[in-house]
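This report concerns only the one structure given below.
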Amino acid sequence: ELKVEQNPLFLSMQEGKNYTIYCNYSTTSDRLYWYRQDPGKSLESLFVLLSNGAVKQEGRLMASLDTKARLSTLHITAAVHDLSATYFCAVDDNAGNMLTFGGGTRLMVKP
Amino acid sequence: EPEVTQTPSHQVTQMGQEVILRCVPISNHLYFYWYRQILGQKVEFLVSFYNNEISEKSEIFDDQFSVERPDGSNFTLKIRSTKLEDSAMYFCASSGQGAYQPQHFGDGTRLSIL
């Protein structure tokens, strides 16, 4: 059974600071996705990481994937309040049939 | 930008009743999914559907659940004999043809079982 663990589960940070969210998974997979969820809202696709060493950046967020370590990171640079949300990583079963989600990281950015 | 649409946005049902949650996937997508999220918890996979049949299902997706694509646009999740623990947000998702396409999620249906 594929397990996906994120840490931290909760992150409170000041605007302007940097931080990294970690996503570990238990079986071999080379497809990992990051989603953002605002309270009461749906899941918005942020990044699709498809190979070892993949790095994607969008604004203040950068995601990377190390398939050998079974680890993905989501790095936040100079956080702003608008980034406050819950961030989920999700791992594909390599057949495109299902995503297994991590527990989510609730990020609060304080002014 | 094309969206996955779900109806209703909120469904309140008495325990033991049947509910049907409806989804209209993005029009040129071929892969369809249902997930659920119990309040404050992580998103859990229920079922995937391709070429008019289930391609994968989780342990949660037991005989109480069924999916159907009754026409060319709708994708439904039926829950028979609902239980209190079925209360959750149910998300529909779809993805396009081609390798490694991300799944696009609808806004969800909040199901409350009384």
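In the structure tokens, each chain is lettered A, B, ... as it comes, each chain's residues begin at 1, and ligands are numbered from 1 in order of appearance.
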
Could you pull the residues within 9 Å of region 67-84 of chain A, counting only C-alpha atoms, minus those fewer than 6 positions along the same chain, as a ChimeraX atom specification? /A:13-32,34,38,49,51-53,59-61,106-111

Please identify all residues of chain B having at least one atom at most 12 Å from any atom of chain A, considering only C-alpha atoms, and return them as a PDB file with N, CA and C atoms, in the first residue's frame.
ATOM      1  N   GLU B   3     -13.754  23.637 -16.983  1.00  0.00           N
ATOM      2  CA  GLU B   3     -13.845  23.235 -15.585  1.00  0.00           C
ATOM      3  C   GLU B   3     -14.621  21.944 -15.442  1.00  0.00           C
ATOM      4  N   VAL B   4     -14.361  21.272 -14.344  1.00  0.00           N
ATOM      5  CA  VAL B   4     -15.189  20.157 -13.911  1.00  0.00           C
ATOM      6  C   VAL B   4     -16.295  20.746 -13.041  1.00  0.00           C
ATOM      7  N   THR B   5     -17.536  20.459 -13.352  1.00  0.00           N
ATOM      8  CA  THR B   5     -18.641  21.004 -12.575  1.00  0.00           C
ATOM      9  C   THR B   5     -19.357  19.884 -11.838  1.00  0.00           C
ATOM     10  N   GLN B   6     -19.743  20.194 -10.596  1.00  0.00           N
ATOM     11  CA  GLN B   6     -20.423  19.210  -9.757  1.00  0.00           C
ATOM     12  C   GLN B   6     -21.718  19.790  -9.222  1.00  0.00           C
ATOM     13  N   SER B   9     -24.079  21.442  -4.850  1.00  0.00           N
ATOM     14  CA  SER B   9     -22.925  21.863  -4.059  1.00  0.00           C
ATOM     15  C   SER B   9     -23.048  21.351  -2.620  1.00  0.00           C
ATOM     16  N   HIS B  10     -24.291  21.197  -2.160  1.00  0.00           N
ATOM     17  CA  HIS B  10     -24.524  20.680  -0.821  1.00  0.00           C
ATOM     18  C   HIS B  10     -25.762  19.786  -0.847  1.00  0.00           C
ATOM     19  N   LEU B  30     -10.946  11.850 -20.792  1.00  0.00           N
ATOM     20  CA  LEU B  30     -11.346  10.460 -20.945  1.00  0.00           C
ATOM     21  C   LEU B  30     -11.294   9.672 -19.640  1.00  0.00           C
ATOM     22  N   TYR B  31     -10.638  10.219 -18.643  1.00  0.00           N
ATOM     23  CA  TYR B  31     -10.452   9.517 -17.378  1.00  0.00           C
ATOM     24  C   TYR B  31     -11.200  10.285 -16.298  1.00  0.00           C
ATOM     25  N   PHE B  32     -11.949   9.556 -15.496  1.00  0.00           N
ATOM     26  CA  PHE B  32     -12.801  10.186 -14.504  1.00  0.00           C
ATOM     27  C   PHE B  32     -12.572   9.525 -13.159  1.00  0.00           C
ATOM     28  N   TYR B  33     -12.732  10.335 -12.104  1.00  0.00           N
ATOM     29  CA  TYR B  33     -12.396   9.880 -10.757  1.00  0.00           C
ATOM     30  C   TYR B  33     -13.374  10.465  -9.747  1.00  0.00           C
ATOM     31  N   TRP B  34     -13.538   9.747  -8.661  1.00  0.00           N
ATOM     32  CA  TRP B  34     -14.203  10.283  -7.471  1.00  0.00           C
ATOM     33  C   TRP B  34     -13.262  10.124  -6.281  1.00  0.00           C
ATOM     34  N   TYR B  35     -13.211  11.192  -5.489  1.00  0.00           N
ATOM     35  CA  TYR B  35     -12.469  11.207  -4.234  1.00  0.00           C
ATOM     36  C   TYR B  35     -13.393  11.739  -3.152  1.00  0.00           C
ATOM     37  N   ARG B  36     -13.043  11.484  -1.917  1.00  0.00           N
ATOM     38  CA  ARG B  36     -13.777  12.120  -0.833  1.00  0.00           C
ATOM     39  C   ARG B  36     -12.799  12.678   0.187  1.00  0.00           C
ATOM     40  N   GLN B  37     -13.293  13.661   0.926  1.00  0.00           N
ATOM     41  CA  GLN B  37     -12.498  14.292   1.976  1.00  0.00           C
ATOM     42  C   GLN B  37     -13.393  14.516   3.174  1.00  0.00           C
ATOM     43  N   ILE B  38     -13.207  13.718   4.193  1.00  0.00           N
ATOM     44  CA  ILE B  38     -13.892  13.948   5.457  1.00  0.00           C
ATOM     45  C   ILE B  38     -13.322  15.212   6.080  1.00  0.00           C
ATOM     46  N   LEU B  39     -14.177  15.978   6.727  1.00  0.00           N
ATOM     47  CA  LEU B  39     -13.801  17.298   7.229  1.00  0.00           C
ATOM     48  C   LEU B  39     -12.483  17.271   7.996  1.00  0.00           C
ATOM     49  N   GLY B  40     -11.552  18.076   7.560  1.00  0.00           N
ATOM     50  CA  GLY B  40     -10.268  18.203   8.241  1.00  0.00           C
ATOM     51  C   GLY B  40      -9.279  17.095   7.962  1.00  0.00           C
ATOM     52  N   GLN B  41      -9.650  16.160   7.100  1.00  0.00           N
ATOM     53  CA  GLN B  41      -8.764  15.036   6.826  1.00  0.00           C
ATOM     54  C   GLN B  41      -8.245  15.093   5.389  1.00  0.00           C
ATOM     55  N   LYS B  42      -7.481  14.098   5.029  1.00  0.00           N
ATOM     56  CA  LYS B  42      -6.879  14.130   3.704  1.00  0.00           C
ATOM     57  C   LYS B  42      -7.858  13.624   2.654  1.00  0.00           C
ATOM     58  N   VAL B  43      -7.500  13.847   1.423  1.00  0.00           N
ATOM     59  CA  VAL B  43      -8.321  13.427   0.304  1.00  0.00           C
ATOM     60  C   VAL B  43      -8.074  11.934   0.052  1.00  0.00           C
ATOM     61  N   GLU B  44      -9.174  11.183  -0.104  1.00  0.00           N
ATOM     62  CA  GLU B  44      -9.075   9.733  -0.278  1.00  0.00           C
ATOM     63  C   GLU B  44      -9.652   9.319  -1.629  1.00  0.00           C
ATOM     64  N   PHE B  45      -8.936   8.488  -2.324  1.00  0.00           N
ATOM     65  CA  PHE B  45      -9.389   7.970  -3.609  1.00  0.00           C
ATOM     66  C   PHE B  45     -10.548   6.997  -3.423  1.00  0.00           C
ATOM     67  N   LEU B  46     -11.552   7.107  -4.276  1.00  0.00           N
ATOM     68  CA  LEU B  46     -12.656   6.151  -4.283  1.00  0.00           C
ATOM     69  C   LEU B  46     -12.586   5.236  -5.504  1.00  0.00           C
ATOM     70  N   VAL B  47     -12.607   5.854  -6.702  1.00  0.00           N
ATOM     71  CA  VAL B  47     -12.751   5.050  -7.898  1.00  0.00           C
ATOM     72  C   VAL B  47     -12.248   5.825  -9.115  1.00  0.00           C
ATOM     73  N   SER B  48     -11.738   5.084 -10.087  1.00  0.00           N
ATOM     74  CA  SER B  48     -11.397   5.678 -11.381  1.00  0.00           C
ATOM     75  C   SER B  48     -12.167   4.942 -12.474  1.00  0.00           C
ATOM     76  N   PHE B  49     -12.408   5.640 -13.572  1.00  0.00           N
ATOM     77  CA  PHE B  49     -13.326   5.137 -14.604  1.00  0.00           C
ATOM     78  C   PHE B  49     -12.773   5.525 -15.955  1.00  0.00           C
ATOM     79  N   TYR B  50     -12.689   4.554 -16.847  1.00  0.00           N
ATOM     80  CA  TYR B  50     -12.170   4.803 -18.186  1.00  0.00           C
ATOM     81  C   TYR B  50     -12.832   3.847 -19.149  1.00  0.00           C
ATOM     82  N   ILE B  54     -14.929   0.637 -14.609  1.00  0.00           N
ATOM     83  CA  ILE B  54     -14.065   0.969 -13.484  1.00  0.00           C
ATOM     84  C   ILE B  54     -12.670   0.413 -13.751  1.00  0.00           C
ATOM     85  N   SER B  55     -11.656   1.269 -13.607  1.00  0.00           N
ATOM     86  CA  SER B  55     -10.287   0.815 -13.795  1.00  0.00           C
ATOM     87  C   SER B  55      -9.574   0.563 -12.477  1.00  0.00           C
ATOM     88  N   GLU B  56     -10.033   1.221 -11.427  1.00  0.00           N
ATOM     89  CA  GLU B  56      -9.436   0.998 -10.112  1.00  0.00           C
ATOM     90  C   GLU B  56     -10.440   1.456  -9.061  1.00  0.00           C
ATOM     91  N   LYS B  57     -10.457   0.786  -7.926  1.00  0.00           N
ATOM     92  CA  LYS B  57     -11.290   1.240  -6.827  1.00  0.00           C
ATOM     93  C   LYS B  57     -10.594   0.940  -5.513  1.00  0.00           C
ATOM     94  N   SER B  58     -10.928   1.744  -4.509  1.00  0.00           N
ATOM     95  CA  SER B  58     -10.313   1.580  -3.200  1.00  0.00           C
ATOM     96  C   SER B  58     -11.192   0.697  -2.320  1.00  0.00           C
ATOM     97  N   GLU B  59     -10.675   0.413  -1.136  1.00  0.00           N
ATOM     98  CA  GLU B  59     -11.444  -0.398  -0.173  1.00  0.00           C
ATOM     99  C   GLU B  59     -12.712   0.331   0.271  1.00  0.00           C
ATOM    100  N   ALA B  88     -19.142  13.801   4.055  1.00  0.00           N
ATOM    101  CA  ALA B  88     -17.825  14.223   3.572  1.00  0.00           C
ATOM    102  C   ALA B  88     -18.021  15.161   2.393  1.00  0.00           C
ATOM    103  N   MET B  89     -16.912  15.710   1.920  1.00  0.00           N
ATOM    104  CA  MET B  89     -16.913  16.431   0.655  1.00  0.00           C
ATOM    105  C   MET B  89     -16.499  15.424  -0.418  1.00  0.00           C
ATOM    106  N   TYR B  90     -17.270  15.329  -1.470  1.00  0.00           N
ATOM    107  CA  TYR B  90     -16.970  14.407  -2.552  1.00  0.00           C
ATOM    108  C   TYR B  90     -16.512  15.209  -3.775  1.00  0.00           C
ATOM    109  N   PHE B  91     -15.338  14.871  -4.260  1.00  0.00           N
ATOM    110  CA  PHE B  91     -14.771  15.565  -5.401  1.00  0.00           C
ATOM    111  C   PHE B  91     -14.758  14.649  -6.619  1.00  0.00           C
ATOM    112  N   CYS B  92     -15.164  15.210  -7.716  1.00  0.00           N
ATOM    113  CA  CYS B  92     -15.013  14.561  -9.006  1.00  0.00           C
ATOM    114  C   CYS B  92     -13.779  15.152  -9.688  1.00  0.00           C
ATOM    115  N   ALA B  93     -13.083  14.340 -10.454  1.00  0.00           N
ATOM    116  CA  ALA B  93     -11.918  14.825 -11.192  1.00  0.00           C
ATOM    117  C   ALA B  93     -11.890  14.171 -12.562  1.00  0.00           C
ATOM    118  N   SER B  94     -11.229  14.830 -13.485  1.00  0.00           N
ATOM    119  CA  SER B  94     -11.032  14.230 -14.797  1.00  0.00           C
ATOM    120  C   SER B  94      -9.650  14.579 -15.308  1.00  0.00           C
ATOM    121  N   SER B  95      -9.163  13.744 -16.208  1.00  0.00           N
ATOM    122  CA  SER B  95      -7.861  14.019 -16.819  1.00  0.00           C
ATOM    123  C   SER B  95      -7.917  13.644 -18.295  1.00  0.00           C
ATOM    124  N   GLY B  96      -7.019  14.282 -19.031  1.00  0.00           N
ATOM    125  CA  GLY B  96      -7.049  14.106 -20.469  1.00  0.00           C
ATOM    126  C   GLY B  96      -6.207  12.939 -20.936  1.00  0.00           C
ATOM    127  N   GLN B  97      -6.269  12.702 -22.214  1.00  0.00           N
ATOM    128  CA  GLN B  97      -5.484  11.623 -22.810  1.00  0.00           C
ATOM    129  C   GLN B  97      -4.030  12.044 -22.897  1.00  0.00           C
ATOM    130  N   GLY B  98      -3.148  11.082 -22.788  1.00  0.00           N
ATOM    131  CA  GLY B  98      -1.728  11.398 -22.824  1.00  0.00           C
ATOM    132  C   GLY B  98      -1.117  11.129 -21.474  1.00  0.00           C
ATOM    133  N   ALA B  99       0.159  10.876 -21.524  1.00  0.00           N
ATOM    134  CA  ALA B  99       0.838  10.483 -20.304  1.00  0.00           C
ATOM    135  C   ALA B  99       0.893  11.619 -19.288  1.00  0.00           C
ATOM    136  N   TYR B 100       0.671  11.266 -18.074  1.00  0.00           N
ATOM    137  CA  TYR B 100       0.961  12.142 -16.943  1.00  0.00           C
ATOM    138  C   TYR B 100       0.139  13.426 -16.916  1.00  0.00           C
ATOM    139  N   GLN B 101      -1.063  13.365 -17.405  1.00  0.00           N
ATOM    140  CA  GLN B 101      -1.902  14.556 -17.338  1.00  0.00           C
ATOM    141  C   GLN B 101      -2.409  14.743 -15.912  1.00  0.00           C
ATOM    142  N   PRO B 102      -2.370  15.974 -15.385  1.00  0.00           N
ATOM    143  CA  PRO B 102      -2.872  16.184 -14.028  1.00  0.00           C
ATOM    144  C   PRO B 102      -4.381  16.000 -13.980  1.00  0.00           C
ATOM    145  N   GLN B 103      -4.860  15.603 -12.839  1.00  0.00           N
ATOM    146  CA  GLN B 103      -6.293  15.502 -12.633  1.00  0.00           C
ATOM    147  C   GLN B 103      -6.836  16.877 -12.254  1.00  0.00           C
ATOM    148  N   HIS B 104      -7.926  17.260 -12.885  1.00  0.00           N
ATOM    149  CA  HIS B 104      -8.581  18.535 -12.611  1.00  0.00           C
ATOM    150  C   HIS B 104      -9.819  18.258 -11.766  1.00  0.00           C
ATOM    151  N   PHE B 105      -9.922  18.958 -10.682  1.00  0.00           N
ATOM    152  CA  PHE B 105     -10.969  18.686  -9.698  1.00  0.00           C
ATOM    153  C   PHE B 105     -12.114  19.688  -9.799  1.00  0.00           C
ATOM    154  N   GLY B 106     -13.321  19.186  -9.540  1.00  0.00           N
ATOM    155  CA  GLY B 106     -14.459  20.065  -9.396  1.00  0.00           C
ATOM    156  C   GLY B 106     -14.491  20.705  -8.014  1.00  0.00           C
ATOM    157  N   ASP B 107     -15.494  21.546  -7.782  1.00  0.00           N
ATOM    158  CA  ASP B 107     -15.607  22.262  -6.507  1.00  0.00           C
ATOM    159  C   ASP B 107     -16.135  21.392  -5.382  1.00  0.00           C
ATOM    160  N   GLY B 108     -16.625  20.200  -5.732  1.00  0.00           N
ATOM    161  CA  GLY B 108     -17.056  19.269  -4.696  1.00  0.00           C
ATOM    162  C   GLY B 108     -18.529  19.378  -4.350  1.00  0.00           C
ATOM    163  N   THR B 109     -19.048  18.291  -3.797  1.00  0.00           N
ATOM    164  CA  THR B 109     -20.387  18.265  -3.205  1.00  0.00           C
ATOM    165  C   THR B 109     -20.226  17.924  -1.735  1.00  0.00           C
ATOM    166  N   ARG B 110     -20.733  18.806  -0.901  1.00  0.00           N
ATOM    167  CA  ARG B 110     -20.701  18.517   0.537  1.00  0.00           C
ATOM    168  C   ARG B 110     -21.916  17.670   0.883  1.00  0.00           C
TER     169      ARG B 110
END

List every residue of chain A that DSSP, applied to the backbone of this structure, assigns to strand (DSSP E), and report them as an MDAnalysis selection string. chainID A and resid 4:7 10:14 19:25 32:37 43:49 55:58 61:66 71:76 85:92 99:101 105:110

Can you pull out every residue within 7 Å of Gly16 (chain B), counting only C-alpha atoms, but drop anything in the same chain fewer than 3 positions away, and send it as number ranges by chain? B: 81-83

Keeping all heavy atoms for every residue in the selection just given, could you write it to a file as a compact mmCIF listing (two decimals), in the first residue's frame?
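Now in part-v5.txt:
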# COMPACT_ATOMS: atom_id res chain seq x y z
N SER B 81 -28.18 3.49 0.67
CA SER B 81 -28.31 3.26 2.10
C SER B 81 -27.22 4.02 2.88
O SER B 81 -26.35 3.42 3.54
CB SER B 81 -28.24 1.76 2.39
OG SER B 81 -28.56 1.50 3.73
N THR B 82 -27.28 5.33 2.78
CA THR B 82 -26.22 6.16 3.36
C THR B 82 -26.11 5.99 4.87
O THR B 82 -27.09 5.72 5.58
CB THR B 82 -26.47 7.63 3.03
OG1 THR B 82 -27.83 7.95 3.38
CG2 THR B 82 -26.23 7.93 1.58
N LYS B 83 -24.87 6.15 5.32
CA LYS B 83 -24.54 6.07 6.75
C LYS B 83 -23.98 7.41 7.22
O LYS B 83 -23.53 8.22 6.41
CB LYS B 83 -23.52 4.96 6.97
CG LYS B 83 -24.00 3.59 6.55
CD LYS B 83 -22.91 2.54 6.68
CE LYS B 83 -21.93 2.64 5.54
NZ LYS B 83 -21.13 1.42 5.36

List as an MDAnalysis selection string the protein and nucleic acid residues near Ser66 (chain B), meaning an atom at most 9 Å away when only C-alpha atoms are counted, but skip any in the same chain fewer than 4 places from it. chainID B and resid 61:62 76:80
